[in-house]
Amino acid sequence: MPLRVEDTFRSALAAAGRPLAGMWVCSGSPLVAELCAGSGLDWLLVDAEHSPNGLESILAQLQAIHGYPVHTLVRPPVNDTVLIKQYLDLGVQNLLIPMVNSVAEAEAAVAATRYPPQGVRGVGSALARAARWNRVPDYLARAAETVSVTAQIESTAAVEAVEDILKVDGVDAIFVGPSDLAASMGLLGQQEHPEVRATVEHCLAAAQAAGKPAGVNAFAPGTARAYLDAGAAFILVGADVALLARGSEALAAQYVQPADGDTRASY
């Protein structure tokens with residue numbers, strides 16, 4: 001039976017008449033991923049850079065999310081050709097590549113998603129969920145159409161090269177990470193610093209000039225609104241683990257009354 005794969009995040013951004021709002025999925029739990037998928041948000045980012053996600057848990061989350069009206073991006077821990085091949089074969093269609101600091105690194109990320117002669121992706125479609133085990137017609141010829149690549153800009157080196165990174169064929173969008181960017185600027189933990197925010201807005205403006213969408217991470221509502229006003233086409237506004245952490249803390253603050261000398265709630 002011939003099958004088709006889903007539209008890419010590239011297509012969703014092109015078709016959207018408004019910015020797309022999403023959240024991080026970091027727990028590694030397919031159940032939590034499915035809960036988030038049904039939230040009404042536009043997109044999810046399943047993270048493997050700072051979260052306990054391996055190939056098996058990513059696969060399970062892709063399966064849990066499938067069928068919900070939401071687009072899924074996956075961030076590998078590193079811009080690595082072999083790892084990207086494995087993610088693509090699992091059925092990941094939308095990649096957010098971390099720490100893209102140069103044109104060469106952006107080109108390497110794109111090449112990892114393309115079969116030869118356009119790239120270096122290894123051929124294993126008969127064994128791979130990506131091609132639904134060769135049930136997707138002409139998958140090898142059309143594979144590049146089924147994948148989107150977003151380059152993450154999160155260092156001063158990346159900011160200096162952002163205009164050239166945006167010119168790389170196959171880089172569909174950029175995503176600015178203010179936390180690592182702030183650290184790179186010598187402002188660790190100060191992603192709300194005016195210099196950091198100005199640098200983020202510089203990247204958003206560069207993307208608009210290049211005719212490509214740009215996204216950003218912003219949990220503070222006021223900051224998120226400011227970046228949307230500055231032209232962000234997509235944005236991450238929360239995370240599953242952060243929502244659970246803050247929600248459970250709020251319950252403890254409301255119902256747990258520590259006795260004298262009890263320091264459980266002091267940290």
# chains A, B, ... in the order shown; residues from 1 in each chain; ligands from 1
>>> residues_around(residues="Glu201 (chain A)", least_positions_apart="6", cutoff="9 Å", atoms="only C-alpha atoms", output="VMD selection string")
chain A and resid 227 230 to 232
>>> write_last_selection(atoms="all heavy atoms", output="tab-separated table (two decimals), in the first residue's frame")
chain	number	residue	atom	x	y	z
A	227	TYR	N	9.77	39.87	20.70
A	227	TYR	CA	10.41	39.18	19.58
A	227	TYR	C	9.42	38.93	18.45
A	227	TYR	O	9.78	39.01	17.26
A	227	TYR	CB	11.03	37.87	20.05
A	227	TYR	CG	12.27	38.05	20.90
A	227	TYR	CD1	12.60	37.12	21.89
A	227	TYR	CD2	13.13	39.13	20.72
A	227	TYR	CE1	13.74	37.27	22.66
A	227	TYR	CE2	14.26	39.28	21.50
A	227	TYR	CZ	14.56	38.35	22.47
A	227	TYR	OH	15.69	38.50	23.24
A	230	ALA	N	9.19	41.96	16.61
A	230	ALA	CA	10.42	42.20	15.83
A	230	ALA	C	10.53	41.28	14.62
A	230	ALA	O	11.51	41.35	13.88
A	230	ALA	CB	11.65	42.01	16.73
A	231	GLY	N	9.54	40.40	14.43
A	231	GLY	CA	9.52	39.60	13.21
A	231	GLY	C	9.76	38.12	13.37
A	231	GLY	O	9.92	37.41	12.36
A	232	ALA	N	9.78	37.60	14.60
A	232	ALA	CA	9.94	36.15	14.77
A	232	ALA	C	8.78	35.41	14.12
A	232	ALA	O	7.61	35.74	14.35
A	232	ALA	CB	10.02	35.80	16.25
>>> residues_around(residues="region 119-133 of chain A", least_positions_apart="2", cutoff="7 Å", atoms="only C-alpha atoms", output="ChimeraX atom specification")
/A:85,88-91,111-117,135-136,139
>>> select_by_dssp(residues="region 128-249 of chain A", states="strand (DSSP E or B)", output="list in words")
Ser148, Val149, Thr150, Ala151, Gln152, Ile153, Ala173, Ile174, Phe175, Val176, Ala214, Gly215, Val216, Asn217, Phe234, Ile235, Leu236, Val237, Gly238 and Ala239 of chain A
>>> closest_atom_pairs(of="region 132-177 of chain A", to="region 207-210 of chain A", cutoff="10 Å", atoms="only C-alpha atoms", output="tab-separated table")
residue	atom	partner	partner_atom	distance
A:Val162	CA	A:Ala207	CA	8.3
A:Glu163	CA	A:Ala207	CA	7.6
A:Asp164	CA	A:Ala210	CA	9.6
A:Ile165	CA	A:Ala207	CA	9.8
A:Leu166	CA	A:Ala210	CA	6.7
A:Lys167	CA	A:Ala210	CA	7.3
A:Ala173	CA	A:Ala207	CA	7.9
A:Ile174	CA	A:Ala207	CA	7.5
A:Phe175	CA	A:Ala207	CA	9.9
>>> write_last_selection(atoms="C-alpha atoms", output="PDB file, in the first residue's frame")
ATOM      1  CA  VAL A 162      24.387  34.784  10.365  1.00  0.00           C
ATOM      2  CA  GLU A 163      23.908  36.554   7.032  1.00  0.00           C
ATOM      3  CA  ASP A 164      26.090  33.977   5.274  1.00  0.00           C
ATOM      4  CA  ILE A 165      24.507  31.041   7.133  1.00  0.00           C
ATOM      5  CA  LEU A 166      21.120  32.248   5.913  1.00  0.00           C
ATOM      6  CA  LYS A 167      22.406  32.070   2.317  1.00  0.00           C
ATOM      7  CA  ALA A 173      15.224  28.721   8.879  1.00  0.00           C
ATOM      8  CA  ILE A 174      17.311  29.870  11.810  1.00  0.00           C
ATOM      9  CA  PHE A 175      16.480  29.636  15.501  1.00  0.00           C
TER      10      PHE A 175
END
>>> residues_around(residues="Thr8 (chain A)", least_positions_apart="2", cutoff="7 Å", atoms="only C-alpha atoms", output="PyMOL selection string")
chain A and resi 6+10-12+93-94+146-148
>>> write_last_selection(atoms="C-alpha atoms", output="PDB file, in the first residue's frame")
ATOM      1  CA  GLU A   6       3.757  14.528   6.487  1.00  0.00           C
ATOM      2  CA  ARG A  10       9.243  24.509   6.154  1.00  0.00           C
ATOM      3  CA  SER A  11       5.863  24.121   4.463  1.00  0.00           C
ATOM      4  CA  ALA A  12       4.009  25.017   7.653  1.00  0.00           C
ATOM      5  CA  GLN A  93      11.491  15.167   9.245  1.00  0.00           C
ATOM      6  CA  ASN A  94      12.343  18.481  10.893  1.00  0.00           C
ATOM      7  CA  THR A 146      10.478  15.547   3.201  1.00  0.00           C
ATOM      8  CA  VAL A 147      13.108  17.165   5.461  1.00  0.00           C
ATOM      9  CA  SER A 148      13.557  20.666   6.849  1.00  0.00           C
TER      10      SER A 148
END
>>> closest_residue(among="A:Glu49, A:Asp229, A:Asp42, A:Asp180", to="Ser155 (chain A)", atoms="only C-alpha atoms")
A:Asp180
>>> closest_residue(among="A:Cys26, A:Leu20, A:Leu204, A:Leu31", to="Leu243 (chain A)", atoms="only C-alpha atoms")
A:Cys26
>>> closest_residue(among="A:Gly22, A:Gly211, A:Gly28, A:Pro98", to="Thr72 (chain A)", atoms="only C-alpha atoms")
A:Gly22
>>> residues_around(residues="Tyr87 (chain A)", least_positions_apart="4", cutoff="9 Å", atoms="only C-alpha atoms", output="JSON, numbers by chain")
{"A": [55, 58, 59, 74, 76, 82, 83, 91, 92, 93, 95]}
>>> write_last_selection(atoms="N, CA, C and O atoms", output="mmCIF file, in the first residue's frame")
data_model
loop_
_atom_site.group_PDB
_atom_site.id
_atom_site.type_symbol
_atom_site.label_atom_id
_atom_site.label_comp_id
_atom_site.auth_asym_id
_atom_site.auth_seq_id
_atom_site.Cartn_x
_atom_site.Cartn_y
_atom_site.Cartn_z
ATOM 1 N N LEU A 55 17.652 7.254 20.731
ATOM 2 C CA LEU A 55 16.926 6.890 19.515
ATOM 3 C C LEU A 55 15.590 6.238 19.833
ATOM 4 O O LEU A 55 14.577 6.542 19.199
ATOM 5 N N ILE A 58 13.025 8.801 21.206
ATOM 6 C CA ILE A 58 12.588 9.713 20.143
ATOM 7 C C ILE A 58 11.594 9.017 19.230
ATOM 8 O O ILE A 58 10.551 9.577 18.861
ATOM 9 N N LEU A 59 11.888 7.778 18.857
ATOM 10 C CA LEU A 59 10.964 7.013 18.027
ATOM 11 C C LEU A 59 9.600 6.889 18.706
ATOM 12 O O LEU A 59 8.556 7.123 18.078
ATOM 13 N N VAL A 74 13.016 17.961 16.013
ATOM 14 C CA VAL A 74 13.871 17.219 16.945
ATOM 15 C C VAL A 74 15.265 17.846 16.904
ATOM 16 O O VAL A 74 15.809 18.104 15.819
ATOM 17 N N PRO A 76 19.089 17.176 17.753
ATOM 18 C CA PRO A 76 20.117 16.223 18.166
ATOM 19 C C PRO A 76 21.096 16.891 19.123
ATOM 20 O O PRO A 76 21.148 18.123 19.217
ATOM 21 N N VAL A 82 26.456 11.028 11.191
ATOM 22 C CA VAL A 82 25.927 9.697 11.502
ATOM 23 C C VAL A 82 24.656 9.809 12.340
ATOM 24 O O VAL A 82 23.662 9.120 12.085
ATOM 25 N N LEU A 83 24.672 10.678 13.340
ATOM 26 C CA LEU A 83 23.502 10.834 14.189
ATOM 27 C C LEU A 83 22.314 11.387 13.395
ATOM 28 O O LEU A 83 21.176 10.929 13.556
ATOM 29 N N GLY A 91 12.469 8.583 11.071
ATOM 30 C CA GLY A 91 11.281 9.295 10.630
ATOM 31 C C GLY A 91 11.240 10.739 11.059
ATOM 32 O O GLY A 91 10.224 11.424 10.857
ATOM 33 N N VAL A 92 12.316 11.243 11.659
ATOM 34 C CA VAL A 92 12.393 12.676 11.957
ATOM 35 C C VAL A 92 12.428 13.432 10.635
ATOM 36 O O VAL A 92 13.256 13.137 9.769
ATOM 37 N N GLN A 93 11.538 14.390 10.479
ATOM 38 C CA GLN A 93 11.491 15.167 9.245
ATOM 39 C C GLN A 93 12.027 16.582 9.419
ATOM 40 O O GLN A 93 12.481 17.190 8.446
ATOM 41 N N LEU A 95 14.618 18.948 11.543
ATOM 42 C CA LEU A 95 15.783 18.965 12.420
ATOM 43 C C LEU A 95 16.116 20.387 12.847
ATOM 44 O O LEU A 95 16.152 21.314 12.018
#
>>> residues_around(residues="Ala226 (chain A)", least_positions_apart="2", cutoff="12 Å", atoms="only C-alpha atoms", output="PyMOL selection string")
chain A and resi 192+197-198+200-201+204+216-224+228-232+235
>>> write_last_selection(atoms="all heavy atoms", output="compact mmCIF listing (two decimals), in the first residue's frame")
# COMPACT_ATOMS: atom_id res chain seq x y z
N GLU A 192 17.92 38.14 29.29
CA GLU A 192 17.08 39.33 29.17
C GLU A 192 17.89 40.62 29.09
O GLU A 192 17.32 41.71 28.99
CB GLU A 192 16.12 39.41 30.37
CG GLU A 192 15.14 38.24 30.48
CD GLU A 192 14.10 38.26 29.38
OE1 GLU A 192 13.86 39.33 28.80
OE2 GLU A 192 13.53 37.19 29.10
N ARG A 197 19.18 40.91 23.95
CA ARG A 197 17.94 41.11 23.20
C ARG A 197 18.19 41.85 21.89
O ARG A 197 17.60 41.52 20.85
CB ARG A 197 16.91 41.84 24.07
CG ARG A 197 16.41 40.97 25.21
CD ARG A 197 15.38 41.64 26.08
NE ARG A 197 14.20 42.06 25.35
CZ ARG A 197 13.02 42.29 25.92
NH1 ARG A 197 12.87 42.11 27.23
NH2 ARG A 197 12.00 42.68 25.21
N ALA A 198 19.07 42.81 21.90
CA ALA A 198 19.40 43.53 20.67
C ALA A 198 20.06 42.61 19.65
O ALA A 198 19.81 42.70 18.44
CB ALA A 198 20.31 44.71 20.98
N VAL A 200 19.61 39.31 19.46
CA VAL A 200 18.55 38.44 18.94
C VAL A 200 17.78 39.17 17.85
O VAL A 200 17.52 38.62 16.77
CB VAL A 200 17.59 38.02 20.07
CG1 VAL A 200 16.38 37.29 19.49
CG2 VAL A 200 18.31 37.12 21.08
N GLU A 201 17.42 40.42 18.10
CA GLU A 201 16.64 41.17 17.12
C GLU A 201 17.45 41.44 15.85
O GLU A 201 16.90 41.49 14.75
CB GLU A 201 16.14 42.47 17.74
CG GLU A 201 15.10 42.20 18.83
CD GLU A 201 14.48 43.46 19.40
OE1 GLU A 201 14.80 44.56 18.90
OE2 GLU A 201 13.67 43.35 20.34
N LEU A 204 16.96 38.30 13.86
CA LEU A 204 15.62 38.28 13.28
C LEU A 204 15.56 39.19 12.06
O LEU A 204 14.96 38.83 11.03
CB LEU A 204 14.59 38.73 14.33
CG LEU A 204 14.45 37.87 15.59
CD1 LEU A 204 13.41 38.48 16.53
CD2 LEU A 204 14.08 36.44 15.25
N VAL A 216 12.80 31.89 17.89
CA VAL A 216 13.56 32.22 19.09
C VAL A 216 12.89 31.57 20.29
O VAL A 216 11.69 31.29 20.28
CB VAL A 216 13.64 33.77 19.28
CG1 VAL A 216 12.26 34.37 19.49
CG2 VAL A 216 14.59 34.15 20.39
N ASN A 217 13.68 31.33 21.31
CA ASN A 217 13.20 30.79 22.58
C ASN A 217 12.94 31.96 23.53
O ASN A 217 13.82 32.80 23.74
CB ASN A 217 14.25 29.86 23.17
CG ASN A 217 13.77 29.13 24.39
OD1 ASN A 217 12.78 28.41 24.33
ND2 ASN A 217 14.46 29.29 25.50
N ALA A 218 11.73 32.02 24.11
CA ALA A 218 11.42 33.12 25.03
C ALA A 218 10.28 32.69 25.94
O ALA A 218 9.13 32.65 25.52
CB ALA A 218 11.03 34.37 24.24
N PHE A 219 10.60 32.38 27.19
CA PHE A 219 9.59 31.94 28.15
C PHE A 219 8.87 33.11 28.80
O PHE A 219 7.73 32.97 29.24
CB PHE A 219 10.21 31.07 29.23
CG PHE A 219 10.57 29.67 28.78
CD1 PHE A 219 10.56 29.32 27.44
CD2 PHE A 219 10.91 28.70 29.71
CE1 PHE A 219 10.89 28.03 27.04
CE2 PHE A 219 11.24 27.41 29.33
CZ PHE A 219 11.23 27.08 27.98
N ALA A 220 9.54 34.27 28.91
CA ALA A 220 8.91 35.45 29.52
C ALA A 220 7.92 36.05 28.52
O ALA A 220 8.32 36.40 27.39
CB ALA A 220 9.96 36.48 29.90
N PRO A 221 6.65 36.16 28.89
CA PRO A 221 5.64 36.64 27.93
C PRO A 221 5.98 37.98 27.29
O PRO A 221 5.79 38.17 26.07
CB PRO A 221 4.36 36.71 28.76
CG PRO A 221 4.54 35.70 29.83
CD PRO A 221 6.01 35.74 30.17
N GLY A 222 6.48 38.92 28.08
CA GLY A 222 6.81 40.22 27.51
C GLY A 222 7.92 40.14 26.48
O GLY A 222 7.87 40.80 25.43
N THR A 223 8.92 39.31 26.76
CA THR A 223 10.02 39.12 25.82
C THR A 223 9.53 38.43 24.56
O THR A 223 9.90 38.79 23.44
CB THR A 223 11.14 38.30 26.47
OG1 THR A 223 11.55 38.95 27.67
CG2 THR A 223 12.33 38.17 25.54
N ALA A 224 8.68 37.42 24.74
CA ALA A 224 8.13 36.71 23.59
C ALA A 224 7.37 37.67 22.69
O ALA A 224 7.54 37.65 21.45
CB ALA A 224 7.22 35.58 24.06
N LEU A 228 8.18 38.64 18.79
CA LEU A 228 7.16 38.49 17.75
C LEU A 228 6.97 39.81 17.01
O LEU A 228 6.87 39.84 15.78
CB LEU A 228 5.84 38.01 18.36
CG LEU A 228 5.84 36.58 18.88
CD1 LEU A 228 4.57 36.30 19.69
CD2 LEU A 228 5.96 35.58 17.73
N ASP A 229 6.95 40.91 17.75
CA ASP A 229 6.82 42.23 17.12
C ASP A 229 8.03 42.55 16.25
O ASP A 229 7.92 43.30 15.27
CB ASP A 229 6.66 43.31 18.19
CG ASP A 229 5.31 43.25 18.90
OD1 ASP A 229 4.39 42.61 18.35
OD2 ASP A 229 5.20 43.84 19.99
N ALA A 230 9.19 41.96 16.61
CA ALA A 230 10.42 42.20 15.83
C ALA A 230 10.53 41.28 14.62
O ALA A 230 11.51 41.35 13.88
CB ALA A 230 11.65 42.01 16.73
N GLY A 231 9.54 40.40 14.43
CA GLY A 231 9.52 39.60 13.21
C GLY A 231 9.76 38.12 13.37
O GLY A 231 9.92 37.41 12.36
N ALA A 232 9.78 37.60 14.60
CA ALA A 232 9.94 36.15 14.77
C ALA A 232 8.78 35.41 14.12
O ALA A 232 7.61 35.74 14.35
CB ALA A 232 10.02 35.80 16.25
N ILE A 235 8.18 30.54 17.63
CA ILE A 235 8.69 30.84 18.95
C ILE A 235 8.38 29.68 19.90
O ILE A 235 7.37 28.99 19.75
CB ILE A 235 8.07 32.16 19.47
CG1 ILE A 235 8.79 32.67 20.71
CG2 ILE A 235 6.56 32.02 19.70
CD1 ILE A 235 8.51 34.14 20.99
>>> select_by_dssp(residues="region 5-253 of chain A", states="alpha helix (DSSP H)", output="count of residues only")
107
>>> closest_residue(among="A:His50, A:Pro69, A:Thr199, A:Gly215", to="Val237 (chain A)", atoms="only C-alpha atoms")
A:Gly215
>>> closest_residue(among="A:Ala182, A:Ile65, A:Ala16, A:Ala48", to="Pro30 (chain A)", atoms="only C-alpha atoms")
A:Ile65
>>> residues_around(residues="Leu44 (chain A)", least_positions_apart="5", cutoff="9 Å", atoms="only C-alpha atoms", output="list in words")
Ala21, Gly22, Met23, Trp24, Val25, Ala33, Cys36, Ala37, Val70, His71, Thr72, Leu73, Val74 and Leu236 of chain A
>>> write_last_selection(atoms="all heavy atoms", output="compact mmCIF listing (two decimals), in the first residue's frame")
# COMPACT_ATOMS: atom_id res chain seq x y z
N ALA A 21 3.50 29.08 17.43
CA ALA A 21 3.90 28.96 18.83
C ALA A 21 4.10 27.50 19.20
O ALA A 21 3.29 26.64 18.85
CB ALA A 21 2.84 29.58 19.73
N GLY A 22 5.18 27.24 19.93
CA GLY A 22 5.48 25.87 20.31
C GLY A 22 6.06 25.76 21.69
O GLY A 22 6.23 26.76 22.41
N MET A 23 6.39 24.51 22.08
CA MET A 23 6.98 24.25 23.38
C MET A 23 8.00 23.13 23.29
O MET A 23 7.97 22.31 22.37
CB MET A 23 5.91 23.90 24.41
CG MET A 23 5.21 22.57 24.17
SD MET A 23 3.98 22.16 25.45
CE MET A 23 5.06 21.81 26.86
N TRP A 24 8.91 23.13 24.26
CA TRP A 24 9.90 22.07 24.39
C TRP A 24 9.24 20.81 24.96
O TRP A 24 8.37 20.90 25.83
CB TRP A 24 11.01 22.47 25.36
CG TRP A 24 11.83 23.64 24.96
CD1 TRP A 24 11.51 24.97 25.11
CD2 TRP A 24 13.12 23.62 24.36
NE1 TRP A 24 12.52 25.76 24.65
CE2 TRP A 24 13.52 24.96 24.18
CE3 TRP A 24 13.97 22.59 23.97
CZ2 TRP A 24 14.75 25.30 23.62
CZ3 TRP A 24 15.20 22.92 23.41
CH2 TRP A 24 15.58 24.26 23.24
N VAL A 25 9.71 19.65 24.49
CA VAL A 25 9.32 18.36 25.06
C VAL A 25 10.62 17.68 25.48
O VAL A 25 11.38 17.20 24.65
CB VAL A 25 8.53 17.51 24.06
CG1 VAL A 25 8.16 16.17 24.66
CG2 VAL A 25 7.26 18.25 23.62
N ALA A 33 4.67 13.62 25.73
CA ALA A 33 4.71 14.15 24.37
C ALA A 33 3.32 14.17 23.75
O ALA A 33 2.92 15.14 23.08
CB ALA A 33 5.66 13.33 23.50
N CYS A 36 1.22 16.96 25.22
CA CYS A 36 1.60 18.25 24.63
C CYS A 36 1.10 18.37 23.19
O CYS A 36 0.71 19.46 22.75
CB CYS A 36 3.12 18.43 24.67
SG CYS A 36 3.81 18.48 26.33
N ALA A 37 1.11 17.26 22.47
CA ALA A 37 0.69 17.28 21.07
C ALA A 37 -0.78 17.67 20.92
O ALA A 37 -1.17 18.27 19.91
CB ALA A 37 0.92 15.91 20.43
N VAL A 70 0.00 18.85 14.82
CA VAL A 70 1.13 19.60 15.35
C VAL A 70 2.38 19.17 14.59
O VAL A 70 2.49 18.00 14.19
CB VAL A 70 1.27 19.35 16.87
CG1 VAL A 70 1.62 17.89 17.16
CG2 VAL A 70 2.28 20.29 17.51
N HIS A 71 3.29 20.10 14.38
CA HIS A 71 4.55 19.78 13.72
C HIS A 71 5.62 19.50 14.77
O HIS A 71 5.68 20.17 15.80
CB HIS A 71 4.98 20.93 12.81
CG HIS A 71 4.15 21.05 11.58
ND1 HIS A 71 4.42 20.38 10.41
CD2 HIS A 71 3.01 21.74 11.35
CE1 HIS A 71 3.50 20.66 9.51
NE2 HIS A 71 2.63 21.49 10.06
N THR A 72 6.47 18.52 14.49
CA THR A 72 7.49 18.10 15.45
C THR A 72 8.88 18.37 14.90
O THR A 72 9.22 17.91 13.81
CB THR A 72 7.36 16.59 15.76
OG1 THR A 72 6.02 16.31 16.17
CG2 THR A 72 8.33 16.19 16.85
N LEU A 73 9.67 19.12 15.65
CA LEU A 73 11.09 19.27 15.38
C LEU A 73 11.85 18.45 16.40
O LEU A 73 11.38 18.27 17.53
CB LEU A 73 11.54 20.73 15.45
CG LEU A 73 11.28 21.60 14.22
CD1 LEU A 73 9.81 21.89 14.05
CD2 LEU A 73 12.07 22.91 14.31
N VAL A 74 13.02 17.96 16.01
CA VAL A 74 13.87 17.22 16.94
C VAL A 74 15.27 17.85 16.90
O VAL A 74 15.81 18.10 15.82
CB VAL A 74 13.95 15.72 16.59
CG1 VAL A 74 14.83 14.99 17.60
CG2 VAL A 74 12.55 15.10 16.57
N LEU A 236 9.30 29.45 20.83
CA LEU A 236 9.08 28.47 21.90
C LEU A 236 8.77 29.23 23.18
O LEU A 236 9.54 30.11 23.59
CB LEU A 236 10.32 27.60 22.11
CG LEU A 236 10.60 26.53 21.05
CD1 LEU A 236 11.95 25.89 21.31
CD2 LEU A 236 9.51 25.48 21.02
>>> atom_distance(atom1="CA of Ala64 (chain A)", atom2="CA of Ala109 (chain A)")
26.6 Å
